[in-house]
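K.L.:
My file is run-v6.pdb. It has PDB, C-alpha atoms:
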```
MODEL        1
ATOM      1  CA  MET E  28     -93.932 -60.054  68.264  1.00  0.00           C
ATOM      2  CA  ALA E  29     -93.062 -61.239  71.707  1.00  0.00           C
ATOM      3  CA  ALA E  30     -90.577 -59.127  73.626  1.00  0.00           C
ATOM      4  CA  PRO E  31     -87.455 -61.070  74.564  1.00  0.00           C
ATOM      5  CA  LYS E  32     -87.578 -62.141  78.195  1.00  0.00           C
ATOM      6  CA  ARG E  33     -84.809 -60.676  80.313  1.00  0.00           C
ATOM      7  CA  VAL E  34     -83.095 -63.357  82.349  1.00  0.00           C
ATOM      8  CA  GLU E  35     -81.380 -62.061  85.478  1.00  0.00           C
ATOM      9  CA  ARG E  36     -78.381 -64.342  85.661  1.00  0.00           C
ATOM     10  CA  PRO E  37     -76.324 -64.320  88.857  1.00  0.00           C
ATOM     11  CA  LEU E  38     -72.934 -62.651  88.665  1.00  0.00           C
ATOM     12  CA  SER E  39     -69.803 -64.493  89.766  1.00  0.00           C
ATOM     13  CA  PRO E  40     -68.678 -65.158  92.524  1.00  0.00           C
ATOM     14  CA  PHE E  41     -72.114 -66.122  93.792  1.00  0.00           C
ATOM     15  CA  MET E  42     -71.190 -69.792  94.326  1.00  0.00           C
ATOM     16  CA  ILE E  43     -68.684 -69.532  97.146  1.00  0.00           C
ATOM     17  CA  GLY E  44     -70.248 -69.696 100.608  1.00  0.00           C
ATOM     18  CA  PRO E  45     -73.933 -70.527 100.191  1.00  0.00           C
ATOM     19  CA  TYR E  46     -73.565 -73.181  97.471  1.00  0.00           C
ATOM     20  CA  TYR E  47     -69.956 -74.187  97.328  1.00  0.00           C
ATOM     21  CA  ARG E  48     -67.605 -75.167 100.143  1.00  0.00           C
ATOM     22  CA  PRO E  49     -64.149 -73.594  99.778  1.00  0.00           C
ATOM     23  CA  GLN E  50     -61.575 -76.311  99.100  1.00  0.00           C
ATOM     24  CA  LEU E  51     -57.916 -76.515  98.164  1.00  0.00           C
ATOM     25  CA  THR E  52     -58.452 -76.907  94.411  1.00  0.00           C
ATOM     26  CA  SER E  53     -60.876 -73.997  94.058  1.00  0.00           C
ATOM     27  CA  MET E  54     -58.980 -71.692  96.413  1.00  0.00           C
ATOM     28  CA  THR E  55     -55.662 -72.308  94.619  1.00  0.00           C
ATOM     29  CA  SER E  56     -57.478 -71.594  91.338  1.00  0.00           C
ATOM     30  CA  ILE E  57     -58.872 -68.279  92.604  1.00  0.00           C
ATOM     31  CA  LEU E  58     -55.424 -67.388  93.949  1.00  0.00           C
ATOM     32  CA  THR E  59     -54.115 -67.767  90.375  1.00  0.00           C
ATOM     33  CA  ARG E  60     -56.439 -64.971  89.279  1.00  0.00           C
ATOM     34  CA  ILE E  61     -55.640 -62.781  92.294  1.00  0.00           C
ATOM     35  CA  THR E  62     -51.861 -63.121  91.839  1.00  0.00           C
ATOM     36  CA  GLY E  63     -52.032 -62.608  88.051  1.00  0.00           C
ATOM     37  CA  ASN E  64     -54.064 -59.434  88.294  1.00  0.00           C
ATOM     38  CA  GLY E  65     -52.193 -58.173  91.359  1.00  0.00           C
ATOM     39  CA  LEU E  66     -48.925 -58.282  89.413  1.00  0.00           C
ATOM     40  CA  ILE E  67     -49.924 -55.008  87.718  1.00  0.00           C
ATOM     41  CA  VAL E  68     -48.713 -53.211  90.878  1.00  0.00           C
ATOM     42  CA  GLY E  69     -45.212 -54.682  90.546  1.00  0.00           C
ATOM     43  CA  ALA E  70     -45.281 -53.941  86.796  1.00  0.00           C
ATOM     44  CA  LEU E  71     -46.125 -50.276  87.435  1.00  0.00           C
ATOM     45  CA  LEU E  72     -43.380 -49.852  90.041  1.00  0.00           C
ATOM     46  CA  SER E  73     -40.686 -51.614  87.983  1.00  0.00           C
ATOM     47  CA  VAL E  74     -41.504 -49.760  84.736  1.00  0.00           C
ATOM     48  CA  TRP E  75     -41.592 -46.415  86.584  1.00  0.00           C
ATOM     49  CA  TRP E  76     -38.181 -47.257  88.083  1.00  0.00           C
ATOM     50  CA  LEU E  77     -36.823 -48.160  84.602  1.00  0.00           C
ATOM     51  CA  LEU E  78     -38.245 -44.950  83.093  1.00  0.00           C
ATOM     52  CA  ALA E  79     -36.576 -42.942  85.869  1.00  0.00           C
ATOM     53  CA  ALA E  80     -33.264 -44.704  85.211  1.00  0.00           C
ATOM     54  CA  ALA E  81     -33.577 -43.785  81.519  1.00  0.00           C
ATOM     55  CA  THR E  82     -34.422 -40.142  82.289  1.00  0.00           C
ATOM     56  CA  SER E  83     -32.044 -38.450  84.748  1.00  0.00           C
ATOM     57  CA  ASP E  84     -30.023 -38.789  87.956  1.00  0.00           C
ATOM     58  CA  ASP E  85     -32.571 -36.733  89.923  1.00  0.00           C
ATOM     59  CA  TYR E  86     -35.565 -38.724  88.707  1.00  0.00           C
ATOM     60  CA  PHE E  87     -33.746 -42.013  89.340  1.00  0.00           C
ATOM     61  CA  ALA E  88     -32.889 -40.926  92.883  1.00  0.00           C
ATOM     62  CA  VAL E  89     -36.624 -40.443  93.590  1.00  0.00           C
ATOM     63  CA  ALA E  90     -37.859 -43.666  91.947  1.00  0.00           C
ATOM     64  CA  ASN E  91     -34.964 -45.725  93.322  1.00  0.00           C
ATOM     65  CA  ALA E  92     -35.632 -44.429  96.847  1.00  0.00           C
ATOM     66  CA  VAL E  93     -39.239 -45.664  96.545  1.00  0.00           C
ATOM     67  CA  ALA E  94     -38.277 -48.950  94.854  1.00  0.00           C
ATOM     68  CA  THR E  95     -35.691 -49.796  97.512  1.00  0.00           C
ATOM     69  CA  SER E  96     -37.703 -48.511 100.516  1.00  0.00           C
ATOM     70  CA  TRP E  97     -39.724 -50.802 102.812  1.00  0.00           C
ATOM     71  CA  PHE E  98     -42.682 -50.133 100.501  1.00  0.00           C
ATOM     72  CA  GLY E  99     -40.703 -51.173  97.434  1.00  0.00           C
ATOM     73  CA  ASP E 100     -39.378 -54.251  99.243  1.00  0.00           C
ATOM     74  CA  LEU E 101     -42.944 -55.178 100.208  1.00  0.00           C
ATOM     75  CA  VAL E 102     -44.301 -54.715  96.666  1.00  0.00           C
ATOM     76  CA  PHE E 103     -41.433 -56.571  94.988  1.00  0.00           C
ATOM     77  CA  THR E 104     -41.369 -59.429  97.535  1.00  0.00           C
ATOM     78  CA  LEU E 105     -45.125 -59.968  97.255  1.00  0.00           C
ATOM     79  CA  SER E 106     -44.879 -59.632  93.443  1.00  0.00           C
ATOM     80  CA  LEU E 107     -42.076 -62.171  93.367  1.00  0.00           C
ATOM     81  CA  TRP E 108     -44.177 -64.660  95.314  1.00  0.00           C
ATOM     82  CA  ALA E 109     -47.201 -63.790  93.126  1.00  0.00           C
ATOM     83  CA  VAL E 110     -45.272 -64.348  89.895  1.00  0.00           C
ATOM     84  CA  TRP E 111     -43.949 -67.729  91.083  1.00  0.00           C
ATOM     85  CA  TYR E 112     -47.378 -68.774  92.324  1.00  0.00           C
ATOM     86  CA  HIS E 113     -48.974 -67.717  89.020  1.00  0.00           C
ATOM     87  CA  TYR E 114     -46.144 -69.502  87.179  1.00  0.00           C
ATOM     88  CA  LEU E 115     -46.704 -72.832  88.945  1.00  0.00           C
ATOM     89  CA  ALA E 116     -50.489 -72.528  88.810  1.00  0.00           C
ATOM     90  CA  GLY E 117     -50.159 -71.760  85.080  1.00  0.00           C
ATOM     91  CA  ILE E 118     -48.178 -74.960  84.572  1.00  0.00           C
ATOM     92  CA  ARG E 119     -50.896 -76.780  86.525  1.00  0.00           C
ATOM     93  CA  HIS E 120     -53.415 -75.197  84.146  1.00  0.00           C
ATOM     94  CA  LEU E 121     -51.484 -76.571  81.156  1.00  0.00           C
ATOM     95  CA  ILE E 122     -51.449 -80.041  82.791  1.00  0.00           C
ATOM     96  CA  PHE E 123     -55.214 -79.838  83.419  1.00  0.00           C
ATOM     97  CA  ASP E 124     -55.783 -78.596  79.841  1.00  0.00           C
ATOM     98  CA  ALA E 125     -53.957 -81.682  78.585  1.00  0.00           C
ATOM     99  CA  GLY E 126     -56.563 -83.750  80.462  1.00  0.00           C
ATOM    100  CA  LYS E 127     -54.088 -84.999  83.066  1.00  0.00           C
ATOM    101  CA  GLY E 128     -54.036 -84.747  86.866  1.00  0.00           C
ATOM    102  CA  LEU E 129     -57.774 -84.179  87.171  1.00  0.00           C
ATOM    103  CA  ASP E 130     -58.432 -86.914  89.738  1.00  0.00           C
ATOM    104  CA  ILE E 131     -58.899 -85.440  93.223  1.00  0.00           C
ATOM    105  CA  PRO E 132     -55.745 -86.815  94.973  1.00  0.00           C
ATOM    106  CA  THR E 133     -53.492 -85.607  92.122  1.00  0.00           C
ATOM    107  CA  ALA E 134     -55.315 -82.257  91.811  1.00  0.00           C
ATOM    108  CA  GLU E 135     -54.856 -81.648  95.552  1.00  0.00           C
ATOM    109  CA  LYS E 136     -51.169 -82.590  95.364  1.00  0.00           C
ATOM    110  CA  LEU E 137     -50.736 -80.101  92.500  1.00  0.00           C
ATOM    111  CA  GLY E 138     -52.454 -77.450  94.653  1.00  0.00           C
ATOM    112  CA  TRP E 139     -49.969 -78.019  97.478  1.00  0.00           C
ATOM    113  CA  ALA E 140     -47.142 -78.013  94.918  1.00  0.00           C
ATOM    114  CA  CYS E 141     -48.220 -74.488  93.836  1.00  0.00           C
ATOM    115  CA  ILE E 142     -48.413 -73.192  97.427  1.00  0.00           C
ATOM    116  CA  ILE E 143     -45.189 -74.736  98.747  1.00  0.00           C
ATOM    117  CA  GLY E 144     -43.290 -74.410  95.458  1.00  0.00           C
ATOM    118  CA  SER E 145     -44.051 -70.702  95.140  1.00  0.00           C
ATOM    119  CA  VAL E 146     -42.640 -69.980  98.623  1.00  0.00           C
ATOM    120  CA  VAL E 147     -39.525 -72.095  97.958  1.00  0.00           C
ATOM    121  CA  LEU E 148     -38.889 -70.426  94.569  1.00  0.00           C
ATOM    122  CA  THR E 149     -39.403 -66.966  96.129  1.00  0.00           C
ATOM    123  CA  VAL E 150     -36.755 -67.665  98.780  1.00  0.00           C
ATOM    124  CA  ILE E 151     -34.346 -69.133  96.193  1.00  0.00           C
ATOM    125  CA  THR E 152     -34.777 -66.097  93.908  1.00  0.00           C
ATOM    126  CA  ILE E 153     -34.169 -63.626  96.753  1.00  0.00           C
ATOM    127  CA  LEU E 154     -31.010 -65.518  97.783  1.00  0.00           C
ATOM    128  CA  LEU E 155     -29.857 -65.636  94.152  1.00  0.00           C
ATOM    129  CA  VAL E 156     -30.242 -61.942  93.311  1.00  0.00           C
ATOM    130  CA  GLN E 157     -29.535 -60.147  96.586  1.00  0.00           C
TER     131      GLN E 157
ATOM    132  CA  MET Z   5     -80.159 -88.037  69.939  1.00  0.00           C
ATOM    133  CA  ARG Z   6     -78.591 -84.885  68.626  1.00  0.00           C
ATOM    134  CA  TYR Z   7     -75.618 -85.271  66.353  1.00  0.00           C
ATOM    135  CA  LEU Z   8     -73.673 -82.393  67.875  1.00  0.00           C
ATOM    136  CA  THR Z   9     -70.115 -82.439  69.130  1.00  0.00           C
ATOM    137  CA  ALA Z  10     -69.350 -81.415  72.699  1.00  0.00           C
ATOM    138  CA  ARG Z  11     -67.568 -78.346  71.336  1.00  0.00           C
ATOM    139  CA  LYS Z  12     -70.586 -77.260  69.270  1.00  0.00           C
ATOM    140  CA  ARG Z  13     -72.846 -77.477  72.323  1.00  0.00           C
ATOM    141  CA  ALA Z  14     -70.367 -75.462  74.430  1.00  0.00           C
ATOM    142  CA  GLU Z  15     -69.822 -72.670  71.895  1.00  0.00           C
ATOM    143  CA  GLY Z  16     -71.163 -69.299  72.966  1.00  0.00           C
ATOM    144  CA  ARG Z  17     -72.109 -70.498  76.466  1.00  0.00           C
ATOM    145  CA  GLY Z  18     -69.380 -68.754  78.433  1.00  0.00           C
ATOM    146  CA  ALA Z  19     -69.575 -65.361  80.131  1.00  0.00           C
ATOM    147  CA  ALA Z  20     -68.011 -63.704  77.062  1.00  0.00           C
ATOM    148  CA  HIS Z  21     -69.975 -65.829  74.484  1.00  0.00           C
ATOM    149  CA  HIS Z  22     -66.782 -66.751  72.649  1.00  0.00           C
ATOM    150  CA  GLY Z  23     -63.245 -67.548  73.683  1.00  0.00           C
ATOM    151  CA  ALA Z  24     -61.472 -70.485  72.002  1.00  0.00           C
ATOM    152  CA  GLU Z  25     -59.004 -68.064  70.350  1.00  0.00           C
ATOM    153  CA  HIS Z  26     -58.621 -66.216  73.641  1.00  0.00           C
ATOM    154  CA  HIS Z  27     -57.856 -69.425  75.506  1.00  0.00           C
ATOM    155  CA  TRP Z  28     -55.328 -70.529  72.883  1.00  0.00           C
ATOM    156  CA  ALA Z  29     -53.614 -67.118  72.934  1.00  0.00           C
ATOM    157  CA  MET Z  30     -53.293 -67.383  76.721  1.00  0.00           C
ATOM    158  CA  THR Z  31     -51.835 -70.898  76.365  1.00  0.00           C
ATOM    159  CA  VAL Z  32     -49.246 -69.734  73.826  1.00  0.00           C
ATOM    160  CA  SER Z  33     -48.244 -66.635  75.810  1.00  0.00           C
ATOM    161  CA  SER Z  34     -48.067 -68.628  79.054  1.00  0.00           C
ATOM    162  CA  VAL Z  35     -45.519 -71.021  77.567  1.00  0.00           C
ATOM    163  CA  GLY Z  36     -43.530 -68.043  76.239  1.00  0.00           C
ATOM    164  CA  LEU Z  37     -43.637 -66.378  79.644  1.00  0.00           C
ATOM    165  CA  ALA Z  38     -42.527 -69.621  81.329  1.00  0.00           C
ATOM    166  CA  LEU Z  39     -39.201 -69.074  79.531  1.00  0.00           C
ATOM    167  CA  ILE Z  40     -39.036 -65.262  79.758  1.00  0.00           C
ATOM    168  CA  VAL Z  41     -40.048 -64.714  83.407  1.00  0.00           C
ATOM    169  CA  PRO Z  42     -37.240 -66.626  85.230  1.00  0.00           C
ATOM    170  CA  LEU Z  43     -34.610 -64.915  83.046  1.00  0.00           C
ATOM    171  CA  TRP Z  44     -36.130 -61.502  83.656  1.00  0.00           C
ATOM    172  CA  LEU Z  45     -36.486 -62.046  87.429  1.00  0.00           C
ATOM    173  CA  TYR Z  46     -32.756 -62.720  87.598  1.00  0.00           C
ATOM    174  CA  ILE Z  47     -31.910 -59.683  85.421  1.00  0.00           C
ATOM    175  CA  PHE Z  48     -34.228 -57.271  87.247  1.00  0.00           C
ATOM    176  CA  GLY Z  49     -33.464 -58.651  90.697  1.00  0.00           C
ATOM    177  CA  SER Z  50     -29.731 -58.268  90.117  1.00  0.00           C
ATOM    178  CA  ALA Z  51     -30.115 -54.734  88.742  1.00  0.00           C
ATOM    179  CA  LEU Z  52     -32.427 -53.503  91.528  1.00  0.00           C
ATOM    180  CA  GLY Z  53     -30.501 -51.812  94.300  1.00  0.00           C
ATOM    181  CA  GLY Z  54     -27.581 -50.836  92.067  1.00  0.00           C
ATOM    182  CA  THR Z  55     -26.445 -47.323  91.155  1.00  0.00           C
ATOM    183  CA  ARG Z  56     -27.932 -45.625  88.064  1.00  0.00           C
ATOM    184  CA  GLU Z  57     -24.717 -46.362  86.122  1.00  0.00           C
ATOM    185  CA  GLU Z  58     -24.990 -50.075  86.975  1.00  0.00           C
ATOM    186  CA  VAL Z  59     -28.687 -50.167  86.032  1.00  0.00           C
ATOM    187  CA  LEU Z  60     -28.009 -48.423  82.702  1.00  0.00           C
ATOM    188  CA  ALA Z  61     -25.099 -50.777  81.986  1.00  0.00           C
ATOM    189  CA  THR Z  62     -27.317 -53.822  82.635  1.00  0.00           C
ATOM    190  CA  PHE Z  63     -30.214 -52.790  80.411  1.00  0.00           C
ATOM    191  CA  ALA Z  64     -27.898 -51.497  77.663  1.00  0.00           C
ATOM    192  CA  ARG Z  65     -26.641 -55.063  77.112  1.00  0.00           C
ATOM    193  CA  PRO Z  66     -28.503 -56.905  74.314  1.00  0.00           C
ATOM    194  CA  PHE Z  67     -29.699 -59.948  76.275  1.00  0.00           C
ATOM    195  CA  PRO Z  68     -31.252 -58.119  79.275  1.00  0.00           C
ATOM    196  CA  ALA Z  69     -32.767 -55.530  76.898  1.00  0.00           C
ATOM    197  CA  ILE Z  70     -34.343 -58.184  74.637  1.00  0.00           C
ATOM    198  CA  VAL Z  71     -35.686 -60.236  77.566  1.00  0.00           C
ATOM    199  CA  THR Z  72     -37.178 -57.081  79.139  1.00  0.00           C
ATOM    200  CA  ALA Z  73     -38.769 -56.063  75.813  1.00  0.00           C
ATOM    201  CA  LEU Z  74     -40.271 -59.545  75.437  1.00  0.00           C
ATOM    202  CA  LEU Z  75     -41.636 -59.435  78.976  1.00  0.00           C
ATOM    203  CA  LEU Z  76     -43.185 -55.999  78.388  1.00  0.00           C
ATOM    204  CA  VAL Z  77     -44.989 -57.073  75.211  1.00  0.00           C
ATOM    205  CA  VAL Z  78     -45.866 -60.724  75.917  1.00  0.00           C
ATOM    206  CA  GLY Z  79     -46.413 -60.213  79.656  1.00  0.00           C
ATOM    207  CA  LEU Z  80     -48.666 -57.184  79.390  1.00  0.00           C
ATOM    208  CA  ARG Z  81     -50.732 -58.695  76.548  1.00  0.00           C
ATOM    209  CA  HIS Z  82     -51.138 -61.801  78.730  1.00  0.00           C
ATOM    210  CA  PHE Z  83     -52.144 -59.531  81.623  1.00  0.00           C
ATOM    211  CA  ALA Z  84     -54.642 -57.520  79.547  1.00  0.00           C
ATOM    212  CA  MET Z  85     -56.333 -60.680  78.269  1.00  0.00           C
ATOM    213  CA  GLY Z  86     -56.437 -62.312  81.722  1.00  0.00           C
ATOM    214  CA  ALA Z  87     -57.775 -59.139  83.342  1.00  0.00           C
ATOM    215  CA  THR Z  88     -60.421 -58.924  80.586  1.00  0.00           C
ATOM    216  CA  THR Z  89     -61.610 -62.435  81.491  1.00  0.00           C
ATOM    217  CA  MET Z  90     -61.836 -61.452  85.155  1.00  0.00           C
ATOM    218  CA  ILE Z  91     -63.859 -58.324  84.321  1.00  0.00           C
ATOM    219  CA  GLU Z  92     -66.197 -60.377  82.100  1.00  0.00           C
ATOM    220  CA  ASP Z  93     -66.839 -62.654  85.087  1.00  0.00           C
ATOM    221  CA  TYR Z  94     -67.534 -59.962  87.686  1.00  0.00           C
ATOM    222  CA  ALA Z  95     -69.054 -56.984  85.823  1.00  0.00           C
ATOM    223  CA  ARG Z  96     -71.594 -56.442  83.097  1.00  0.00           C
ATOM    224  CA  GLY Z  97     -73.043 -53.761  80.842  1.00  0.00           C
ATOM    225  CA  THR Z  98     -71.345 -50.379  80.566  1.00  0.00           C
ATOM    226  CA  THR Z  99     -69.188 -51.036  83.652  1.00  0.00           C
ATOM    227  CA  ARG Z 100     -67.757 -54.131  81.957  1.00  0.00           C
ATOM    228  CA  LYS Z 101     -66.978 -52.237  78.751  1.00  0.00           C
ATOM    229  CA  MET Z 102     -65.331 -49.319  80.526  1.00  0.00           C
ATOM    230  CA  LEU Z 103     -63.227 -51.590  82.757  1.00  0.00           C
ATOM    231  CA  ILE Z 104     -62.040 -53.669  79.772  1.00  0.00           C
ATOM    232  CA  ILE Z 105     -61.130 -50.547  77.782  1.00  0.00           C
ATOM    233  CA  GLY Z 106     -59.356 -49.148  80.848  1.00  0.00           C
ATOM    234  CA  VAL Z 107     -57.310 -52.282  81.541  1.00  0.00           C
ATOM    235  CA  VAL Z 108     -56.295 -52.718  77.886  1.00  0.00           C
ATOM    236  CA  ALA Z 109     -55.272 -49.050  77.670  1.00  0.00           C
ATOM    237  CA  LEU Z 110     -53.307 -49.293  80.937  1.00  0.00           C
ATOM    238  CA  SER Z 111     -51.478 -52.406  79.710  1.00  0.00           C
ATOM    239  CA  TRP Z 112     -50.458 -50.763  76.435  1.00  0.00           C
ATOM    240  CA  ALA Z 113     -49.415 -47.598  78.309  1.00  0.00           C
ATOM    241  CA  ILE Z 114     -47.143 -49.563  80.660  1.00  0.00           C
ATOM    242  CA  ALA Z 115     -45.676 -51.585  77.760  1.00  0.00           C
ATOM    243  CA  ALA Z 116     -45.038 -48.428  75.700  1.00  0.00           C
ATOM    244  CA  THR Z 117     -43.448 -46.635  78.678  1.00  0.00           C
ATOM    245  CA  GLY Z 118     -41.186 -49.586  79.408  1.00  0.00           C
ATOM    246  CA  LEU Z 119     -40.167 -49.939  75.756  1.00  0.00           C
ATOM    247  CA  PHE Z 120     -39.447 -46.190  75.543  1.00  0.00           C
ATOM    248  CA  ALA Z 121     -37.220 -46.409  78.629  1.00  0.00           C
ATOM    249  CA  LEU Z 122     -35.490 -49.462  77.192  1.00  0.00           C
ATOM    250  CA  VAL Z 123     -34.854 -47.843  73.805  1.00  0.00           C
ATOM    251  CA  ARG Z 124     -33.466 -44.763  75.537  1.00  0.00           C
ATOM    252  CA  ILE Z 125     -31.110 -46.895  77.644  1.00  0.00           C
ATOM    253  CA  ALA Z 126     -30.065 -49.510  75.089  1.00  0.00           C
ATOM    254  CA  LEU Z 127     -29.768 -47.477  71.862  1.00  0.00           C
TER     255      LEU Z 127
ENDMDL
END
```
Take the structure in the file and give it back as structure tokens.

P.N.:
Amino acid sequence: MAAPKRVERPLSPFMIGPYYRPQLTSMTSILTRITGNGLIVGALLSVWWLLAAATSDDYFAVANAVATSWFGDLVFTLSLWAVWYHYLAGIRHLIFDAGKGLDIPTAEKLGWACIIGSVVLTVITILLVQ
Amino acid sequence: MRYLTARKRAEGRGAAHHGAEHHWAMTVSSVGLALIVPLWLYIFGSALGGTREEVLATFARPFPAIVTALLLVVGLRHFAMGATTMIEDYARGTTRKMLIIGVVALSWAIAATGLFALVRIAL
């Protein structure tokens, strides 16, 4: 019986650089993954803050000091942009899944809509909740 | 000519060797989150920076508590499944398995912690 031949397949992301020129559509797609996965940091900080609020005055004082410090502001501001970017890119994904907007001019416009829209929505949200 | 549908030819070809259910679950949860996330951003953003009494008062109200609970469950399941896809793309073998187990466990731990805090505040 012949032993199965092991095929050494390349592991992603091997395409970018040597084989594939970075472009708006692919970069905005990769950014969707980065923002989605990065949001775990904001999730950890906000749930820790909520747990502290549920626990005691002393614990809340500690967690709230971190959450409202420059570090907390940085995490929550970046998370806010990340969530809006992921939101718009997710809607773009639904449009693509429906088989629409796949021609290059429209796809590039949707990419710019994600980038510009996410910044605009971040600013609007900050103004709304401050 | 092979009488196979495009779907039949594509089945099992991805990095994870399956995934139609996974993709559909992500589609469903993404539409759910499209409704939940803006509401929650407003609730959380307004509560952040307040005193403990104000924070407790906010999350003790039914609507903020329900929206937060939905975000914890739907959002962290969506995260765990998305992170699993990323791990399947970039790692293989035992590393892949351990990372997937780790990310799923972390997601459930965060969701459970958040729900515990919420129950303690709201009930």

K.L.:
For a test of reading the model, state the distance in Å between CA of Ser106 (chain E) and CA of Leu66 (chain E), rounded to one decimal.

P.N.:
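Distance between the two atoms: 5.9 Å.
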
K.L.:
Given the file shown, enumerate the residues that the ChimeraX specification (/Z :<6) & /E captures and present them as a short mmCIF file (atom, residue, chain, number, x, y, z; two decimals) with C-alpha atoms, keeping the file's coordinate frame.

P.N.:
```cif
data_model
loop_
_atom_site.label_atom_id
_atom_site.label_comp_id
_atom_site.auth_asym_id
_atom_site.auth_seq_id
_atom_site.Cartn_x
_atom_site.Cartn_y
_atom_site.Cartn_z
CA SER E 39 -69.80 -64.49 89.77
CA VAL E 74 -41.50 -49.76 84.74
CA LEU E 78 -38.24 -44.95 83.09
CA ALA E 81 -33.58 -43.78 81.52
CA VAL E 156 -30.24 -61.94 93.31
#
```

K.L.:
What does the structure give for the distance between CA of Leu72 (chain E) and CA of Ala94 (chain E), in Å to one decimal?

P.N.:
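One can read the CA of Leu72 (chain E) to CA of Ala94 (chain E) distance as 7.1 Å.
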
K.L.:
Could you please determine the separation between CA of Trp76 (chain E) and CA of Ala90 (chain E) in Å, to one decimal place?

P.N.:
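It comes out at 5.3 Å.
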
K.L.:
For the provided coordinates, the residues matched by the PyMOL selection byres ((chain E and resi 130-134) around 12) should be stated as a list in words.

P.N.:
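So the PyMOL selection byres ((chain E and resi 130-134) around 12), applied here, picks out Gln50, Leu51, Thr52, Ser53, Thr55, Ser56, Ala116, Arg119, His120, Ile122, Phe123, Gly126, Lys127, Gly128, Leu129, Glu135, Lys136, Leu137, Gly138, Trp139, Ala140 and Cys141 of chain E.
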
K.L.:
So what does the PyMOL selection byres ((chain E and resi 151) around 12) actually pick up in this one, as a ChimeraX atom specification?

P.N.:
/E:107-108,111,144-150,152-157 /Z:42,45-46,49
